[in-house]
>>> print(open('model-v9.cif').read())   # mmCIF, C-alpha atoms
data_query
#
loop_
_atom_site.label_atom_id
_atom_site.label_comp_id
_atom_site.auth_asym_id
_atom_site.auth_seq_id
_atom_site.Cartn_x
_atom_site.Cartn_y
_atom_site.Cartn_z
CA LEU A 1 -4.78 3.86 6.80
CA LEU A 2 -6.70 4.76 9.98
CA GLU A 3 -7.63 1.13 10.57
CA ILE A 4 -4.06 -0.09 10.09
CA PHE A 5 -2.57 2.58 12.33
CA HIS A 6 -5.12 1.67 15.01
CA HIS A 7 -4.28 -2.03 14.96
CA ALA A 8 -0.54 -1.35 14.78
CA THR A 9 -0.50 1.14 17.66
CA GLU A 10 -2.85 -0.67 20.05
CA PRO A 11 -0.40 -3.46 21.10
CA VAL A 12 2.35 -0.86 21.69
CA GLU A 13 0.05 1.24 23.87
CA ASP A 14 -1.18 -1.81 25.81
CA ALA A 15 2.38 -2.91 26.58
CA LEU A 16 3.21 0.61 27.79
CA VAL A 17 0.12 0.92 30.00
CA ASP A 18 0.65 -2.56 31.49
CA GLY A 19 4.30 -1.77 32.28
CA HIS A 20 5.72 -4.60 30.15
CA TRP A 21 8.85 -2.66 29.30
CA GLY A 22 10.66 -5.35 27.38
CA GLU A 23 7.64 -6.07 25.20
CA PHE A 24 7.00 -2.34 24.77
CA THR A 25 10.58 -1.70 23.66
CA GLY A 26 10.52 -4.52 21.13
CA LEU A 27 7.15 -3.51 19.69
CA ALA A 28 8.09 0.18 19.58
CA VAL A 29 11.33 -0.54 17.72
CA LEU A 30 9.51 -2.73 15.18
CA TYR A 31 6.85 -0.05 14.80
CA VAL A 32 9.36 2.70 14.07
CA VAL A 33 11.52 0.58 11.76
CA GLY A 34 8.49 -0.81 9.89
CA LEU A 35 6.99 2.65 9.40
CA GLY A 36 10.30 4.07 8.21
CA VAL A 37 11.02 1.23 5.79
CA GLY A 38 7.50 1.31 4.37
CA LEU A 39 7.63 5.07 3.83
CA LEU A 40 11.21 5.61 2.66
CA SER A 41 12.09 2.43 0.78
CA LEU A 42 9.42 3.06 -1.85
CA GLU A 43 11.04 6.37 -2.79
CA TYR A 44 14.36 4.65 -3.46
CA PHE A 45 12.55 1.86 -5.33
CA ARG A 46 10.82 4.50 -7.49
CA ARG A 47 14.16 6.11 -8.31
CA LEU A 48 15.61 2.74 -9.26
CA ALA A 49 12.58 1.75 -11.34
CA GLY A 50 12.49 5.07 -13.19
CA ARG A 51 16.22 5.38 -13.81
CA GLN A 52 17.23 5.97 -17.42
CA PRO A 53 20.53 4.46 -18.64
CA ASP A 54 23.13 7.19 -19.13
CA ASP A 55 24.33 5.82 -22.46
CA MET A 56 20.88 5.64 -24.11
CA SER A 57 20.78 8.07 -27.03
CA PHE A 58 18.77 7.94 -30.23
CA GLY A 59 20.46 10.75 -32.12
CA PRO A 60 19.55 14.28 -33.15
CA GLY A 61 16.81 15.69 -35.32
CA ALA A 62 13.39 14.07 -35.48
CA MET A 63 14.44 11.29 -33.16
CA SER A 64 14.99 13.71 -30.29
CA ALA A 65 11.23 13.77 -29.65
CA THR A 66 11.24 10.02 -29.04
CA GLU A 67 14.34 10.36 -26.91
CA ASN A 68 12.65 12.97 -24.72
CA ALA A 69 9.49 10.86 -24.41
CA MET A 70 11.26 7.74 -23.20
CA PRO A 71 12.22 9.01 -19.73
CA VAL A 72 8.64 10.20 -19.17
CA ASP A 73 7.23 6.76 -19.96
CA ARG A 74 9.82 5.08 -17.76
CA GLN A 75 9.10 7.50 -14.93
CA VAL A 76 5.33 7.01 -15.13
CA LEU A 77 5.62 3.22 -15.35
CA GLY A 78 8.04 3.29 -12.43
CA LEU A 79 5.56 5.34 -10.39
CA GLY A 80 2.74 2.92 -11.20
CA MET A 81 4.84 -0.06 -10.17
CA THR A 82 5.90 1.75 -6.99
CA ILE A 83 2.24 2.21 -6.08
CA ALA A 84 1.69 -1.50 -6.80
CA VAL A 85 4.54 -2.35 -4.41
CA GLY A 86 3.05 -0.11 -1.72
CA ILE A 87 -0.36 -1.71 -2.14
CA GLY A 88 1.30 -5.13 -2.03
CA LEU A 89 2.90 -4.34 1.34
CA HIS A 90 -0.49 -3.19 2.60
CA ASN A 91 -2.16 -6.34 1.22
CA PHE A 92 0.43 -8.54 2.89
CA ALA A 93 -0.75 -7.18 6.24
CA GLU A 94 -4.33 -7.91 5.21
CA GLY A 95 -3.36 -11.49 4.41
CA LEU A 96 -1.75 -11.75 7.86
CA ALA A 97 -5.02 -10.59 9.43
CA ILE A 98 -6.97 -13.22 7.49
CA GLY A 99 -4.51 -15.94 8.43
CA GLN A 100 -4.40 -14.91 12.09
CA ALA A 101 -8.21 -15.03 12.29
CA ALA A 102 -8.25 -18.49 10.75
CA ALA A 103 -5.42 -19.68 13.01
CA ILE A 104 -7.41 -18.91 16.17
CA GLY A 105 -10.52 -20.61 14.81
CA GLU A 106 -12.44 -17.46 13.83
CA ILE A 107 -13.41 -18.81 10.41
CA THR A 108 -16.44 -16.55 10.09
CA LEU A 109 -14.29 -13.51 10.78
CA ALA A 110 -11.71 -14.72 8.27
CA VAL A 111 -14.39 -15.08 5.58
CA LEU A 112 -15.75 -11.61 6.34
CA LEU A 113 -12.25 -10.18 6.10
CA VAL A 114 -11.78 -11.86 2.73
CA VAL A 115 -15.03 -10.36 1.44
CA GLY A 116 -14.30 -6.91 2.87
CA PHE A 117 -10.72 -6.83 1.63
CA ALA A 118 -11.79 -8.03 -1.82
CA LEU A 119 -14.33 -5.20 -2.09
CA HIS A 120 -11.85 -2.45 -1.42
CA ASN A 121 -8.86 -4.14 -3.08
CA ALA A 122 -10.81 -4.12 -6.34
CA THR A 123 -10.56 -0.32 -6.35
CA GLU A 124 -6.80 -0.28 -5.74
CA GLY A 125 -6.16 -1.01 -9.40
CA PHE A 126 -7.35 2.50 -10.20
CA GLY A 127 -4.56 3.85 -8.02
CA ILE A 128 -1.96 1.83 -9.91
CA VAL A 129 -3.02 2.91 -13.40
CA GLY A 130 -4.10 6.44 -12.42
CA PRO A 131 -0.70 8.06 -13.14
CA LEU A 132 -0.50 6.15 -16.45
CA ALA A 133 -3.96 7.28 -17.56
CA GLY A 134 -3.23 10.87 -16.56
CA SER A 135 -0.01 10.88 -18.61
CA GLY A 136 -1.43 9.06 -21.62
CA VAL A 137 0.91 6.09 -21.19
CA ARG A 138 -0.51 2.73 -22.32
CA PRO A 139 1.24 -0.17 -20.56
CA SER A 140 1.68 -3.62 -22.03
CA TRP A 141 -0.39 -6.57 -20.86
CA SER A 142 2.73 -8.10 -19.34
CA TRP A 143 3.27 -4.93 -17.25
CA LEU A 144 -0.35 -4.99 -16.09
CA LEU A 145 -0.13 -8.66 -15.13
CA LEU A 146 3.11 -8.05 -13.23
CA ALA A 147 1.59 -5.05 -11.39
CA GLY A 148 -1.45 -7.15 -10.45
CA LEU A 149 0.78 -9.93 -9.15
CA VAL A 150 2.95 -7.49 -7.16
CA ALA A 151 -0.11 -5.80 -5.62
CA GLY A 152 -2.35 -8.83 -5.06
CA GLY A 153 0.05 -11.74 -4.56
CA PRO A 154 1.20 -10.67 -1.07
CA THR A 155 -2.36 -11.17 0.22
CA VAL A 156 -2.07 -14.89 -0.48
CA LEU A 157 1.47 -15.03 0.95
CA GLY A 158 0.40 -13.16 4.08
CA THR A 159 -2.55 -15.50 4.60
CA ILE A 160 -0.30 -18.55 4.40
CA ILE A 161 2.18 -17.06 6.89
CA GLY A 162 -0.63 -15.83 9.15
CA THR A 163 -2.11 -19.31 9.49
CA ALA A 164 1.27 -20.82 10.40
CA PHE A 165 1.73 -18.93 13.69
CA THR A 166 0.51 -15.95 15.67
CA SER A 167 2.84 -13.20 16.82
CA GLN A 168 2.16 -9.65 17.97
CA TYR A 169 5.67 -8.64 16.94
CA VAL A 170 5.23 -9.83 13.35
CA LEU A 171 1.79 -8.27 13.12
CA VAL A 172 2.94 -4.87 14.43
CA ALA A 173 5.99 -4.85 12.17
CA PHE A 174 4.05 -5.51 8.99
CA LEU A 175 1.12 -3.30 9.90
CA ALA A 176 3.55 -0.41 10.45
CA LEU A 177 5.30 -1.31 7.19
CA SER A 178 2.03 -1.22 5.27
CA ALA A 179 0.99 2.05 6.97
CA GLY A 180 4.21 3.72 5.83
CA ALA A 181 3.65 2.41 2.30
CA ILE A 182 0.10 3.78 2.25
CA VAL A 183 1.29 7.22 3.38
CA TYR A 184 3.78 7.25 0.50
CA VAL A 185 1.17 6.11 -2.03
CA LEU A 186 -1.28 8.76 -0.82
CA GLY A 187 1.38 11.42 -1.33
CA GLU A 188 1.98 10.26 -4.90
CA LEU A 189 -1.74 10.14 -5.70
CA PHE A 190 -2.32 13.61 -4.26
CA ALA A 191 0.55 14.94 -6.37
CA ALA A 192 -0.90 13.34 -9.51
CA GLY A 193 -4.35 14.69 -8.62
CA ARG A 194 -3.04 18.23 -8.22
CA ARG A 195 -1.57 18.11 -11.74
CA LEU A 196 -4.90 16.90 -13.21
CA SER A 197 -7.81 18.39 -11.26
CA TRP A 198 -7.36 19.22 -7.58
CA THR A 199 -11.08 19.89 -7.07
CA LEU A 200 -12.04 16.56 -8.62
CA THR A 201 -9.35 14.83 -6.56
CA LEU A 202 -10.75 16.26 -3.32
CA TRP A 203 -14.27 15.13 -4.24
CA GLY A 204 -12.87 11.69 -5.07
CA VAL A 205 -11.06 11.47 -1.72
CA PHE A 206 -14.21 12.54 0.09
CA GLY A 207 -16.40 10.01 -1.71
CA GLY A 208 -13.80 7.27 -1.39
CA PHE A 209 -13.43 7.85 2.35
CA LEU A 210 -17.19 7.65 2.88
CA LEU A 211 -17.39 4.49 0.77
CA GLY A 212 -14.53 2.92 2.72
CA LEU A 213 -16.16 3.88 6.02
CA ALA A 214 -19.44 2.37 4.91
CA THR A 215 -17.70 -0.89 3.96
CA GLU A 216 -15.94 -0.96 7.33
CA LEU A 217 -19.19 -0.41 9.23
CA VAL A 218 -20.95 -3.19 7.29
CA ILE A 219 -18.10 -5.61 8.11
CA GLU A 220 -18.14 -4.63 11.79
CA LEU A 221 -21.92 -5.05 11.93
CA ALA A 222 -21.66 -8.50 10.36
CA ARG A 223 -19.03 -9.45 12.93
CA GLY A 224 -21.63 -8.85 15.63
#
>>> encode(input="model-v9.cif", output="structure tokens")
Amino acid sequence: LLEIFHHATEPVEDALVDGHWGEFTGLAVLYVVGLGVGLLSLEYFRRLAGRQPDDMSFGPGAMSATENAMPVDRQVLGLGMTIAVGIGLHNFAEGLAIGQAAAIGEITLAVLLVVGFALHNATEGFGIVGPLAGSGVRPSWSWLLLAGLVAGGPTVLGTIIGTAFTSQYVLVAFLALSAGAIVYVLGELFAAGRRLSWTLTLWGVFGGFLLGLATELVIELARG
């Protein structure tokens, strides 16, 4: 999140300092809109994904337990898919970064980005299935494959688009979009962690931050 906010904000600040008011206005608008869409749209997507049909009823008696369990499963699966969407938006920006590096001839940088992104993207699956594991919900293989495609596919799409052209406006817009999505996902994960074990969650955040920082420093060192 820190890295994305840095790269998204830097072009806006540079345009402001240099007095390029037209460029600054355009970048600032894209920044605000991207951040807002990334943060707020996922909440409405979660509501849509977790919505239970009003006419669904399984009857009284023993079947009421199943009826009560269904909305919980739908809600948890909807939350997991929402996190996958948020990660996908973030990964789209990563694909753009890879494609932009390749487009300007920085193949070594592009390869390093691929390796670095792959290392930390491998851990994002835990974020997707975390709410499911905490609630005891076992998803189907088709759901898992769809979540993996939603979360990982945008990296490939972003790389293809990033190699086609370079644009500060596109980069700022999608970086802000992914930043907003990450903020939303963090909020959901913190909420899930508080229901399970807040102390363990804090230790996990601390360890994860240090691991992410270490990965970042290794990549920067390799870049020279």
>>> residues_around(input="model-v9.cif", residues="Thr159 of chain A", least_positions_apart="2", cutoff="8 Å", atoms="all atoms listed in the file", output="compact mmCIF listing (two decimals) with C-alpha atoms, keeping the file's coordinate frame")
# COMPACT_ATOMS: atom_id res chain seq x y z
CA PHE A 92 0.43 -8.54 2.89
CA GLU A 94 -4.33 -7.91 5.21
CA GLY A 95 -3.36 -11.49 4.41
CA LEU A 96 -1.75 -11.75 7.86
CA ALA A 97 -5.02 -10.59 9.43
CA ILE A 98 -6.97 -13.22 7.49
CA GLY A 99 -4.51 -15.94 8.43
CA GLN A 100 -4.40 -14.91 12.09
CA THR A 155 -2.36 -11.17 0.22
CA VAL A 156 -2.07 -14.89 -0.48
CA LEU A 157 1.47 -15.03 0.95
CA ILE A 161 2.18 -17.06 6.89
CA GLY A 162 -0.63 -15.83 9.15
CA THR A 163 -2.11 -19.31 9.49
>>> resolve_selection(input="model-v9.cif", expression="the PyMOL selection byres ((chain A and resi 113-127) around 10)", output="count of residues only")
42
>>> closest_residue(input="model-v9.cif", among="A:Arg47, A:Arg194, A:His7, A:His20", to="Arg74 of chain A", atoms="all atoms listed in the file")
A:Arg47
>>> resolve_selection(input="model-v9.cif", expression="the PyMOL selection byres ((chain A and resi 181) around 10)", output="PDB file with C-alpha atoms, in the coordinates of the input")
ATOM      1  CA  LEU A   1      -4.780   3.860   6.800  1.00  0.00           C
ATOM      2  CA  GLY A  34       8.490  -0.810   9.890  1.00  0.00           C
ATOM      3  CA  LEU A  35       6.990   2.650   9.400  1.00  0.00           C
ATOM      4  CA  GLY A  36      10.300   4.070   8.210  1.00  0.00           C
ATOM      5  CA  VAL A  37      11.020   1.230   5.790  1.00  0.00           C
ATOM      6  CA  GLY A  38       7.500   1.310   4.370  1.00  0.00           C
ATOM      7  CA  LEU A  39       7.630   5.070   3.830  1.00  0.00           C
ATOM      8  CA  LEU A  40      11.210   5.610   2.660  1.00  0.00           C
ATOM      9  CA  SER A  41      12.090   2.430   0.780  1.00  0.00           C
ATOM     10  CA  LEU A  42       9.420   3.060  -1.850  1.00  0.00           C
ATOM     11  CA  GLU A  43      11.040   6.370  -2.790  1.00  0.00           C
ATOM     12  CA  THR A  82       5.900   1.750  -6.990  1.00  0.00           C
ATOM     13  CA  ILE A  83       2.240   2.210  -6.080  1.00  0.00           C
ATOM     14  CA  VAL A  85       4.540  -2.350  -4.410  1.00  0.00           C
ATOM     15  CA  GLY A  86       3.050  -0.110  -1.720  1.00  0.00           C
ATOM     16  CA  ILE A  87      -0.360  -1.710  -2.140  1.00  0.00           C
ATOM     17  CA  GLY A  88       1.300  -5.130  -2.030  1.00  0.00           C
ATOM     18  CA  LEU A  89       2.900  -4.340   1.340  1.00  0.00           C
ATOM     19  CA  HIS A  90      -0.490  -3.190   2.600  1.00  0.00           C
ATOM     20  CA  LEU A 175       1.120  -3.300   9.900  1.00  0.00           C
ATOM     21  CA  ALA A 176       3.550  -0.410  10.450  1.00  0.00           C
ATOM     22  CA  LEU A 177       5.300  -1.310   7.190  1.00  0.00           C
ATOM     23  CA  SER A 178       2.030  -1.220   5.270  1.00  0.00           C
ATOM     24  CA  ALA A 179       0.990   2.050   6.970  1.00  0.00           C
ATOM     25  CA  GLY A 180       4.210   3.720   5.830  1.00  0.00           C
ATOM     26  CA  ILE A 182       0.100   3.780   2.250  1.00  0.00           C
ATOM     27  CA  VAL A 183       1.290   7.220   3.380  1.00  0.00           C
ATOM     28  CA  TYR A 184       3.780   7.250   0.500  1.00  0.00           C
ATOM     29  CA  VAL A 185       1.170   6.110  -2.030  1.00  0.00           C
ATOM     30  CA  LEU A 186      -1.280   8.760  -0.820  1.00  0.00           C
ATOM     31  CA  GLY A 187       1.380  11.420  -1.330  1.00  0.00           C
TER      32      GLY A 187
END
>>> closest_residue(input="model-v9.cif", among="A:Ala28, A:Ala102, A:Phe45, A:Asp18", to="Gln75 of chain A", atoms="only C-alpha atoms")
A:Phe45
